[in-house]
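Below you'll find the structure, written out as structure tokens, and then a few comments.
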Amino acid sequence: GIDSEWSVEEREIGDKFYFLHVGGEILRKNVQLVVSAFLECFDGKEDYHLILKTLDSTENIPLQPSLKEIEKHPQITVLKGHIPKDSLVSLYKNSHCMVYPTAGEGFGMIPYQAIATGMPTICTELSGCSQFADMSMPLKATWGDLPERLIDHHNLAGTDAQEAVPDYEDLCRLMKKVTDEYYEQKAKAMRSSRVIHQYETWSHVADELLDFLEIS
């Protein structure tokens, strides 16, 4: 379900186009792909900006360039630490595109909340996000063996686990596409957001559960 705070926002592009990535301190969120694709597509183009919302533990993730170098980049802002929910919602509503090339999710609440606000959202088409990725801008991916870095990071047992491997070239393509066709992609996300708020709010889910319990 979705909370009412994640209401639909009518976005316009002002001085800059803002990409947003949330959860960079978690390895499987693939913040490295986001940074690499952004720099490849938009480095030196001052009208484009990337916001990375993370917790304080980002220093533990190997990034190229390093986090300290990234923080100095004039087109990248790193927001570290906890912020109140209303500030987080405001961050979403003042950004133009969520970039979320995750390697795996149980569901994927971060990109789902983004779509609920009407934000074009680039999201891996596999794993938990497969339930809604096509509501905005699905990112091509294939299944691959889980790398040792993630097995160690999550203290997983065994070697049979797999992860979604996002297509880097498709990520670059979609990031360019959303800037070239913003209002078309925004219209699609807005239509999807209205569906979410009609059928997937917590109150709607609760009503369905109560109806089920009464029938049972």
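A note on labels: chains of the structure tokens are A, B, ... as shown, every chain counts residues from 1, and ligands are counted from 1 in their shown order.
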Members of range 76-163 of chain A assigned helix (DSSP H, G or I) by DSSP, as a PyMOL selection string: chain A and resi 85-93+109-116+127-131+133-135+148-153
What lies within 10 Å of range 194-202 of chain A using only C-alpha atoms, ignoring chain neighbours under 5 positions off, as a list in words?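 Result of the neighbour search: Gly1, Ile2, Asp3, Ser4, Trp6, Ser7, Val8, Tyr112, Gln113, Ile115, Ala116, Thr117, Gly118, Met135, Ala189, Asp207 and Glu208 of chain A.
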Preceding selection exported with C-alpha atoms as a compact mmCIF listing (two decimals), in the first residue's frame:
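The resulting file, selection25.txt, is shown below:
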```txt
# COMPACT_ATOMS: atom_id res chain seq x y z
CA GLY A 1 0.00 0.00 0.00
CA ILE A 2 0.94 3.66 -0.39
CA ASP A 3 0.58 6.42 2.20
CA SER A 4 -1.43 9.53 1.36
CA TRP A 6 2.93 10.39 -1.64
CA SER A 7 0.33 12.37 -3.56
CA VAL A 8 0.51 13.25 -7.24
CA TYR A 112 6.85 2.61 -6.21
CA GLN A 113 6.53 5.74 -4.06
CA ILE A 115 5.69 6.56 -9.40
CA ALA A 116 2.89 7.32 -6.92
CA THR A 117 3.94 10.99 -7.01
CA GLY A 118 3.86 10.96 -10.82
CA MET A 135 4.14 1.62 -15.04
CA ALA A 189 3.86 8.25 -14.75
CA ASP A 207 -10.91 -2.29 3.13
CA GLU A 208 -10.16 -5.26 0.89
```
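CA of Asn94 in chain A to CA of Ala141 in chain A spans 28.1 Å [interatomic distance, one decimal].
Atom to atom, CA of Val31 in chain A and CA of Gly44 in chain A stand 19.8 Å apart.
Distances from A:Glu71, A:Asp43, A:Glu169, A:Glu125 to Gly108 in chain A were compared using only C-alpha atoms, and the smallest one belongs to A:Glu125.
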Figure out the distance between CA of Asp180 in chain A and CA of Leu50 in chain A, please, to one decimal in Å. 16.6 Å
Identify, on the basis of only C-alpha atoms, every residue whose closest approach to Phe38 in chain A does not exceed 9 Å; exclude the query and any residue fewer than 4 positions from it along the same chain; express the result as a PyMOL selection string. chain A and resi 19+33-34+42-43+48-50+172+175
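Considering only C-alpha atoms, the residue among A:His96, A:Leu20, A:Gln32, A:Pro101 positioned nearest to Val78 in chain A is A:Leu20.
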